[in-house]
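Trainee: Enclosed is the structure file input18.csv (CSV, C-alpha atoms).
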chain,number,residue,atom,x,y,z
I,24,MET,CA,120.7,115.9,111.9
I,25,ASN,CA,118.2,115.6,114.7
I,26,SER,CA,117.5,112.7,117.0
I,27,PHE,CA,115.3,112.3,120.0
I,28,GLU,CA,116.2,108.7,120.7
I,29,ASN,CA,115.3,108.9,124.3
I,30,LEU,CA,111.7,109.5,123.1
I,31,ASN,CA,111.9,106.7,120.5
I,32,LEU,CA,111.9,109.4,117.8
I,33,GLU,CA,114.9,109.1,115.4
I,34,PHE,CA,115.2,111.2,112.3
I,35,TYR,CA,118.0,112.8,110.3
I,36,TYR,CA,117.4,115.9,108.2
I,37,TYR,CA,119.7,116.8,105.3
I,38,ARG,CA,119.2,120.3,104.0
I,39,SER,CA,120.0,121.0,100.3
I,40,PHE,CA,120.3,117.3,99.4
I,41,TYR,CA,119.5,118.6,95.9
I,42,ASP,CA,120.4,122.2,94.9
I,43,ASN,CA,117.6,124.6,93.9
I,44,ASP,CA,118.1,124.3,90.1
I,45,SER,CA,118.1,120.5,90.2
I,46,SER,CA,115.1,120.4,92.5
I,47,LYS,CA,113.1,122.7,90.2
I,48,ASN,CA,113.9,120.4,87.2
I,49,ILE,CA,113.1,117.3,89.1
I,50,LEU,CA,109.8,118.8,90.4
I,51,ASN,CA,108.7,119.7,86.8
I,52,ASN,CA,109.7,116.2,85.4
I,53,LEU,CA,107.9,114.4,88.2
I,54,LYS,CA,104.8,116.6,87.8
I,55,ASP,CA,104.6,115.9,84.0
I,56,ASN,CA,106.0,112.3,83.8
I,57,ILE,CA,104.6,110.4,86.8
I,58,LYS,CA,101.3,108.4,86.4
I,59,TRP,CA,99.4,110.2,89.2
I,60,THR,CA,96.1,108.9,90.6
I,61,ASN,CA,93.6,110.3,93.2
I,62,ASP,CA,92.9,107.4,95.6
I,63,LYS,CA,89.3,106.7,96.7
I,64,PHE,CA,88.4,105.2,100.1
I,65,LYS,CA,85.3,104.8,102.2
I,66,MET,CA,84.7,106.8,105.3
I,67,TYR,CA,81.5,106.5,107.3
I,68,GLY,CA,79.9,104.8,104.3
I,69,LYS,CA,80.7,107.6,101.9
I,70,SER,CA,83.2,107.3,99.0
I,71,ILE,CA,85.9,110.0,99.4
I,72,ILE,CA,88.4,111.0,96.7
I,73,LEU,CA,91.7,112.3,98.1
I,74,LYS,CA,92.9,115.7,96.8
I,75,ARG,CA,96.5,114.5,97.1
I,76,LYS,CA,97.6,112.7,94.0
I,77,ILE,CA,99.6,109.6,94.6
I,78,ALA,CA,101.9,107.2,92.6
I,79,TRP,CA,103.5,103.9,93.6
I,80,TYR,CA,106.7,102.6,91.9
I,81,ALA,CA,108.6,99.6,93.0
I,82,GLU,CA,111.1,96.9,92.0
I,83,ASN,CA,109.8,93.4,91.3
I,84,GLY,CA,106.1,94.3,91.2
I,85,LYS,CA,105.9,95.0,95.0
I,86,SER,CA,102.4,96.0,96.0
I,87,TYR,CA,101.6,98.2,99.0
I,88,THR,CA,98.4,98.5,101.2
I,89,TYR,CA,97.6,101.5,103.4
I,90,SER,CA,94.3,102.9,104.7
I,91,GLY,CA,92.6,99.9,103.1
I,92,ILE,CA,93.9,100.8,99.6
I,93,LYS,CA,96.0,98.3,97.7
I,94,LYS,CA,98.5,99.9,95.3
I,95,GLU,CA,99.9,97.8,92.5
I,96,SER,CA,103.3,99.1,91.5
I,97,LEU,CA,104.6,100.6,88.3
I,98,PRO,CA,108.3,99.8,87.4
I,99,LEU,CA,110.8,102.5,88.5
I,100,THR,CA,111.5,105.1,85.9
I,101,GLU,CA,115.0,105.9,85.0
I,102,GLU,CA,114.8,109.2,86.9
I,103,LEU,CA,113.4,107.5,90.0
I,104,SER,CA,116.1,104.9,89.9
I,105,ILE,CA,118.8,107.7,89.7
I,106,ILE,CA,117.2,109.5,92.6
I,107,LYS,CA,116.9,106.3,94.6
I,108,SER,CA,120.6,105.5,94.1
I,109,LYS,CA,121.6,108.9,95.3
I,110,VAL,CA,119.4,108.5,98.5
I,111,GLU,CA,120.9,105.0,99.0
I,112,LYS,CA,124.4,106.3,98.7
I,113,LYS,CA,123.8,109.1,101.3
I,114,THR,CA,122.0,106.8,103.8
I,115,ASN,CA,124.0,103.6,103.3
I,116,LEU,CA,120.6,101.8,103.0
I,117,GLY,CA,118.7,100.0,100.3
I,118,PHE,CA,115.2,100.7,99.2
I,119,ASN,CA,113.0,98.8,96.7
I,120,SER,CA,110.0,101.2,96.3
I,121,VAL,CA,108.8,104.8,96.4
I,122,LEU,CA,105.5,106.3,97.2
I,123,LEU,CA,105.1,109.7,95.6
I,124,ASN,CA,102.7,112.4,96.9
I,125,ASP,CA,101.7,115.5,95.0
I,126,TYR,CA,100.6,118.4,97.1
I,127,GLU,CA,99.3,120.8,94.5
I,128,ASN,CA,99.1,123.7,97.0
I,129,GLY,CA,98.5,124.3,100.7
I,130,GLN,CA,94.9,123.2,100.5
I,131,VAL,CA,96.3,119.6,100.2
I,132,GLY,CA,97.7,118.0,103.3
I,133,MET,CA,98.0,114.7,105.0
I,134,GLY,CA,96.5,113.8,108.3
I,135,TRP,CA,98.1,112.1,111.3
I,136,HIS,CA,99.5,108.7,110.5
I,137,SER,CA,102.4,106.3,111.1
I,138,ASP,CA,104.1,104.4,108.3
I,139,ASP,CA,103.7,101.1,110.2
I,140,GLU,CA,102.1,98.8,107.7
I,141,LYS,CA,103.1,95.1,108.2
I,142,GLU,CA,104.8,94.8,104.8
I,143,LEU,CA,107.3,97.5,105.9
I,144,GLY,CA,108.8,95.3,108.6
I,145,LYS,CA,109.4,95.7,112.3
I,146,ASN,CA,111.2,99.0,112.4
I,147,PRO,CA,110.6,100.7,109.0
I,148,ILE,CA,113.1,103.2,107.6
I,149,ILE,CA,111.5,105.9,105.5
I,150,ALA,CA,113.6,108.3,103.4
I,151,SER,CA,111.5,111.3,102.5
I,152,LEU,CA,112.7,113.6,99.7
I,153,SER,CA,110.9,116.9,99.0
I,154,PHE,CA,110.8,119.1,96.0
I,155,GLY,CA,109.0,122.4,95.7
I,156,VAL,CA,107.5,124.8,98.3
I,157,GLU,CA,108.5,124.5,102.0
I,158,ARG,CA,105.9,122.8,104.2
I,159,ASP,CA,105.9,122.1,107.8
I,160,MET,CA,105.8,118.5,109.1
I,161,LEU,CA,104.6,117.7,112.6
I,162,PHE,CA,105.3,114.8,114.9
I,163,ARG,CA,103.2,113.8,117.9
I,164,ASN,CA,103.6,111.0,120.4
I,165,LYS,CA,101.0,108.2,120.1
I,166,ASN,CA,101.1,107.3,123.8
I,167,ASN,CA,101.9,110.5,125.7
I,168,PRO,CA,99.8,113.5,124.7
I,169,SER,CA,101.6,115.7,127.2
I,170,LEU,CA,104.7,115.6,125.0
I,171,LYS,CA,105.1,118.7,122.9
I,172,VAL,CA,104.3,118.4,119.1
I,173,ILE,CA,107.6,118.6,117.2
I,174,LYS,CA,107.6,120.8,114.1
I,175,ILE,CA,110.1,120.6,111.2
I,176,LEU,CA,110.2,122.9,108.2
I,177,ILE,CA,110.7,120.6,105.2
I,178,GLU,CA,112.7,122.6,102.6
I,179,ASN,CA,113.0,122.3,98.8
I,180,GLY,CA,115.6,119.6,97.9
I,181,SER,CA,115.8,118.2,101.5
I,182,LEU,CA,116.0,114.6,102.7
I,183,LEU,CA,114.4,113.4,105.9
I,184,VAL,CA,115.2,109.9,107.1
I,185,MET,CA,113.0,108.4,109.8
I,186,LYS,CA,114.4,105.3,111.5
I,187,GLY,CA,114.3,103.1,114.6
I,188,ARG,CA,111.1,102.8,116.6
I,189,THR,CA,109.8,106.1,115.3
I,190,GLN,CA,106.8,104.6,113.5
I,191,HIS,CA,105.8,102.6,116.7
I,192,PHE,CA,105.7,105.7,119.0
I,193,TRP,CA,105.0,108.7,116.8
I,194,GLN,CA,102.6,109.9,114.1
I,195,HIS,CA,103.4,112.6,111.6
I,196,SER,CA,101.3,114.9,109.4
I,197,ILE,CA,101.6,117.6,106.7
I,198,PRO,CA,99.0,120.2,107.8
I,199,LYS,CA,97.0,122.2,105.3
I,200,ARG,CA,98.3,125.8,104.9
I,201,LEU,CA,95.8,127.8,102.9
I,202,LYS,CA,98.3,130.7,102.2
I,203,VAL,CA,100.6,128.3,100.4
I,204,LYS,CA,99.9,128.5,96.6
I,205,GLN,CA,102.8,126.5,95.2
I,206,ARG,CA,103.3,122.7,94.7
I,207,ARG,CA,105.3,120.2,96.7
I,208,ILE,CA,106.1,116.7,95.5
I,209,ASN,CA,107.4,114.3,98.1
I,210,LEU,CA,109.1,110.9,97.5
I,211,THR,CA,109.1,108.4,100.3
I,212,PHE,CA,111.5,105.6,99.7
I,213,ARG,CA,110.8,102.4,101.6
I,214,THR,CA,111.5,98.7,101.6
I,215,ILE,CA,108.6,96.3,101.1
I,216,LEU,CA,109.3,92.8,102.5
Go through the file and emit its structure as structure tokens.

Mentor:
Amino acid sequence: MNSFENLNLEFYYYRSFYDNDSSKNILNNLKDNIKWTNDKFKMYGKSIILKRKIAWYAENGKSYTYSGIKKESLPLTEELSIIKSKVEKKTNLGFNSVLLNDYENGQVGMGWHSDDEKELGKNPIIASLSFGVERDMLFRNKNNPSLKVIKILIENGSLLVMKGRTQHFWQHSIPKRLKVKQRRINLTFRTIL
């Protein structure tokens, strides 16, 4: 577990939340059975298609809007419901939705952002579960560029929970790593109000 509460950065990291064999099976099931899409958005008047595949599943038809893209949910699958229950038991929290991200290889990353959309509430809690190849995740302070960037290696089967005022004060990213040839699938459980 790690916490930098004095910097308004609060996260908890659980290594081996799933063992390697379970993680491999879940990764393959998610790759084959989730309804993945490549989102499109406009930047500088041009239509851009994201390399990263995304899927949005939620209870009670909860929609989610980020980067100007509105996602209508699919109902949680049985596997996603089982995974969600395990995450909820570990964290003593409840979630009603999950955003899935498929990073096919190291050419696929995610830029700097905060999970601070209005429908996530005042102090969003994000439980991020990773399957597949290790990738580094970076945190940088929004208001104080002199603070050092914090780097965490996100391992196969691990769970990272971001809490408190983290999303107000920090951004995070998954940088591209061209030498990485394997897939990582990430599930970010959240509560939509």

Trainee: I want to know what sits within 10 Å of Ser39 in chain I, based on all atoms listed in the file, with residues of the same chain fewer than 4 positions away left out; could you give that as number ranges by chain?

Mentor: I: 43, 46, 178-182

Trainee: Show me, as a list in words, the residues that have an atom within 10 Å of Asn83 in chain I when counting all atoms listed in the file, minus same-chain residues fewer than 3 positions from it.

Mentor: Tyr80, Ser86, Ser96, Leu97, Pro98, Leu99, Asn119 and Ser120 of chain I

Trainee: Wanna dump the range 177-209 of chain I-range 123-133 of chain I contacts at 10 Å for me, each residue with its shortest atom pair and the distance in Å to one decimal, counting only C-alpha atoms, ordered by chain and number, as JSON lines?

Mentor:
{"residue": "I:His195", "atom": "CA", "partner": "I:Met133", "partner_atom": "CA", "distance": 8.8}
{"residue": "I:Ser196", "atom": "CA", "partner": "I:Met133", "partner_atom": "CA", "distance": 5.5}
{"residue": "I:Ile197", "atom": "CA", "partner": "I:Met133", "partner_atom": "CA", "distance": 4.9}
{"residue": "I:Pro198", "atom": "CA", "partner": "I:Gly132", "partner_atom": "CA", "distance": 5.2}
{"residue": "I:Lys199", "atom": "CA", "partner": "I:Gly132", "partner_atom": "CA", "distance": 4.7}
{"residue": "I:Arg200", "atom": "CA", "partner": "I:Gly129", "partner_atom": "CA", "distance": 4.5}
{"residue": "I:Leu201", "atom": "CA", "partner": "I:Gly129", "partner_atom": "CA", "distance": 4.9}
{"residue": "I:Lys202", "atom": "CA", "partner": "I:Gly129", "partner_atom": "CA", "distance": 6.6}
{"residue": "I:Val203", "atom": "CA", "partner": "I:Gly129", "partner_atom": "CA", "distance": 4.5}
{"residue": "I:Lys204", "atom": "CA", "partner": "I:Asn128", "partner_atom": "CA", "distance": 4.9}
{"residue": "I:Gln205", "atom": "CA", "partner": "I:Asn128", "partner_atom": "CA", "distance": 5.0}
{"residue": "I:Arg206", "atom": "CA", "partner": "I:Glu127", "partner_atom": "CA", "distance": 4.4}
{"residue": "I:Arg207", "atom": "CA", "partner": "I:Tyr126", "partner_atom": "CA", "distance": 5.0}
{"residue": "I:Ile208", "atom": "CA", "partner": "I:Asp125", "partner_atom": "CA", "distance": 4.6}
{"residue": "I:Asn209", "atom": "CA", "partner": "I:Asn124", "partner_atom": "CA", "distance": 5.2}

Trainee: Mind pulling up the distance from CA of Gln194 in chain I to CA of Asn164 in chain I?

Mentor: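 Separation of CA of Asn164 in chain I and CA of Gln194 in chain I: 6.5 Å.
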
Trainee: Quick one: pull the distance between CA of Thr114 in chain I and CA of Ser45 in chain I, Å, one decimal.

Mentor: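 So the answer is 19.7 Å.
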
Trainee: With all atoms listed in the file as the atoms that count, which of I:Arg38, I:Arg75, I:Arg188, I:Lys141 lies nearest to Asp62 in chain I?

Mentor: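 Looking only at the distances to Asp62 in chain I, the closest residue turns out to be I:Arg75.
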
Trainee: Kindly give the distance, in Å, that separates CA of Lys113 in chain I and CA of Lys54 in chain I, rounded to a single decimal.

Mentor: 24.5 Å

Trainee: So which one's closest to Lys186 in chain I, I:Leu210, I:Tyr89, I:Leu32, I:Leu53? Using all atoms listed in the file, please.

Mentor: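 Smallest distance to Lys186 in chain I is found for I:Leu32.
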
Trainee: Would you please work out which residue, of I:Leu103, I:Ile215, I:Ile148, I:Asp42, is nearest to Asn115 in chain I when using all atoms listed in the file?

Mentor: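 Nearest candidate to Asn115 in chain I out of I:Leu103, I:Ile215, I:Ile148, I:Asp42: I:Ile148.
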
Trainee: Fewer than 3 positions away in the same chain doesn't count, so skip those; otherwise give me all residues within 10 Å of Lys165 in chain I, counting only C-alpha atoms, as a VMD selection string.

Mentor: chain I and resid 136 to 137 162 168 170 190 to 195

Trainee: Include C-alpha atoms and write out the residues we just selected as an mmCIF file, in the frame of the given file.

Mentor:
data_model
loop_
_atom_site.group_PDB
_atom_site.id
_atom_site.type_symbol
_atom_site.label_atom_id
_atom_site.label_comp_id
_atom_site.auth_asym_id
_atom_site.auth_seq_id
_atom_site.Cartn_x
_atom_site.Cartn_y
_atom_site.Cartn_z
ATOM 1 C CA HIS I 136 99.500 108.700 110.500
ATOM 2 C CA SER I 137 102.400 106.300 111.100
ATOM 3 C CA PHE I 162 105.300 114.800 114.900
ATOM 4 C CA PRO I 168 99.800 113.500 124.700
ATOM 5 C CA LEU I 170 104.700 115.600 125.000
ATOM 6 C CA GLN I 190 106.800 104.600 113.500
ATOM 7 C CA HIS I 191 105.800 102.600 116.700
ATOM 8 C CA PHE I 192 105.700 105.700 119.000
ATOM 9 C CA TRP I 193 105.000 108.700 116.800
ATOM 10 C CA GLN I 194 102.600 109.900 114.100
ATOM 11 C CA HIS I 195 103.400 112.600 111.600
#

Trainee: Would you mind telling me which residue in I:Phe34, I:Ile77, I:Thr214, I:Phe154 lies nearest to Asn51 in chain I when using all atoms listed in the file?

Mentor: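 Checking each candidate against Asn51 in chain I, we get I:Phe154 as the closest.
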
Trainee: Please provide the set of residues having any atom within 10 Å of Gly91 in chain I, restricted to all atoms listed in the file, with same-chain residues fewer than 2 positions apart removed, written as an NGL selection string.

Mentor: :I and (63-65 or 88-89 or 93-94)

Trainee: Store the residues picked out above, limited to C-alpha atoms, as a PDB file, in the frame of the given file.

Mentor:
ATOM      1  CA  LYS I  63      89.300 106.700  96.700  1.00  0.00           C
ATOM      2  CA  PHE I  64      88.400 105.200 100.100  1.00  0.00           C
ATOM      3  CA  LYS I  65      85.300 104.800 102.200  1.00  0.00           C
ATOM      4  CA  THR I  88      98.400  98.500 101.200  1.00  0.00           C
ATOM      5  CA  TYR I  89      97.600 101.500 103.400  1.00  0.00           C
ATOM      6  CA  LYS I  93      96.000  98.300  97.700  1.00  0.00           C
ATOM      7  CA  LYS I  94      98.500  99.900  95.300  1.00  0.00           C
TER       8      LYS I  94
END

Trainee: May I ask you to restore N, CA, C and O atoms in range 122-133 of chain I and write the result as a PDB file, keeping the file's coordinate frame?

Mentor:
ATOM      1  N   LEU I 122     106.816 105.759  97.281  1.00  0.00           N
ATOM      2  CA  LEU I 122     105.500 106.300  97.200  1.00  0.00           C
ATOM      3  C   LEU I 122     105.635 107.819  96.985  1.00  0.00           C
ATOM      4  O   LEU I 122     106.324 108.498  97.757  1.00  0.00           O
ATOM      5  N   LEU I 123     105.015 108.323  95.927  1.00  0.00           N
ATOM      6  CA  LEU I 123     105.100 109.700  95.600  1.00  0.00           C
ATOM      7  C   LEU I 123     103.790 110.415  95.946  1.00  0.00           C
ATOM      8  O   LEU I 123     102.705 109.869  95.700  1.00  0.00           O
ATOM      9  N   ASN I 124     103.877 111.607  96.515  1.00  0.00           N
ATOM     10  CA  ASN I 124     102.700 112.400  96.900  1.00  0.00           C
ATOM     11  C   ASN I 124     102.830 113.782  96.253  1.00  0.00           C
ATOM     12  O   ASN I 124     103.870 114.434  96.373  1.00  0.00           O
ATOM     13  N   ASP I 125     101.761 114.208  95.591  1.00  0.00           N
ATOM     14  CA  ASP I 125     101.700 115.500  95.000  1.00  0.00           C
ATOM     15  C   ASP I 125     100.774 116.421  95.732  1.00  0.00           C
ATOM     16  O   ASP I 125      99.559 116.214  95.733  1.00  0.00           O
ATOM     17  N   TYR I 126     101.355 117.396  96.420  1.00  0.00           N
ATOM     18  CA  TYR I 126     100.600 118.400  97.100  1.00  0.00           C
ATOM     19  C   TYR I 126     100.528 119.632  96.241  1.00  0.00           C
ATOM     20  O   TYR I 126     101.471 120.428  96.192  1.00  0.00           O
ATOM     21  N   GLU I 127      99.431 119.779  95.502  1.00  0.00           N
ATOM     22  CA  GLU I 127      99.300 120.800  94.500  1.00  0.00           C
ATOM     23  C   GLU I 127      99.507 122.229  95.102  1.00  0.00           C
ATOM     24  O   GLU I 127     100.072 123.135  94.492  1.00  0.00           O
ATOM     25  N   ASN I 128      99.020 122.407  96.324  1.00  0.00           N
ATOM     26  CA  ASN I 128      99.100 123.700  97.000  1.00  0.00           C
ATOM     27  C   ASN I 128      98.836 123.406  98.507  1.00  0.00           C
ATOM     28  O   ASN I 128      98.665 122.248  98.916  1.00  0.00           O
ATOM     29  N   GLY I 129      98.717 124.461  99.284  1.00  0.00           N
ATOM     30  CA  GLY I 129      98.500 124.300 100.700  1.00  0.00           C
ATOM     31  C   GLY I 129      97.135 123.818 101.120  1.00  0.00           C
ATOM     32  O   GLY I 129      96.905 123.508 102.287  1.00  0.00           O
ATOM     33  N   GLN I 130      96.207 123.742 100.178  1.00  0.00           N
ATOM     34  CA  GLN I 130      94.900 123.200 100.500  1.00  0.00           C
ATOM     35  C   GLN I 130      94.964 121.638 100.557  1.00  0.00           C
ATOM     36  O   GLN I 130      93.997 120.997 100.955  1.00  0.00           O
ATOM     37  N   VAL I 131      96.100 121.087 100.146  1.00  0.00           N
ATOM     38  CA  VAL I 131      96.300 119.600 100.200  1.00  0.00           C
ATOM     39  C   VAL I 131      97.274 119.313 101.294  1.00  0.00           C
ATOM     40  O   VAL I 131      98.378 119.858 101.349  1.00  0.00           O
ATOM     41  N   GLY I 132      96.853 118.454 102.201  1.00  0.00           N
ATOM     42  CA  GLY I 132      97.700 118.000 103.300  1.00  0.00           C
ATOM     43  C   GLY I 132      97.615 116.552 103.515  1.00  0.00           C
ATOM     44  O   GLY I 132      97.068 115.825 102.690  1.00  0.00           O
ATOM     45  N   MET I 133      98.152 116.106 104.629  1.00  0.00           N
ATOM     46  CA  MET I 133      98.000 114.700 105.000  1.00  0.00           C
ATOM     47  C   MET I 133      97.827 114.648 106.510  1.00  0.00           C
ATOM     48  O   MET I 133      98.543 115.290 107.271  1.00  0.00           O
TER      49      MET I 133
END
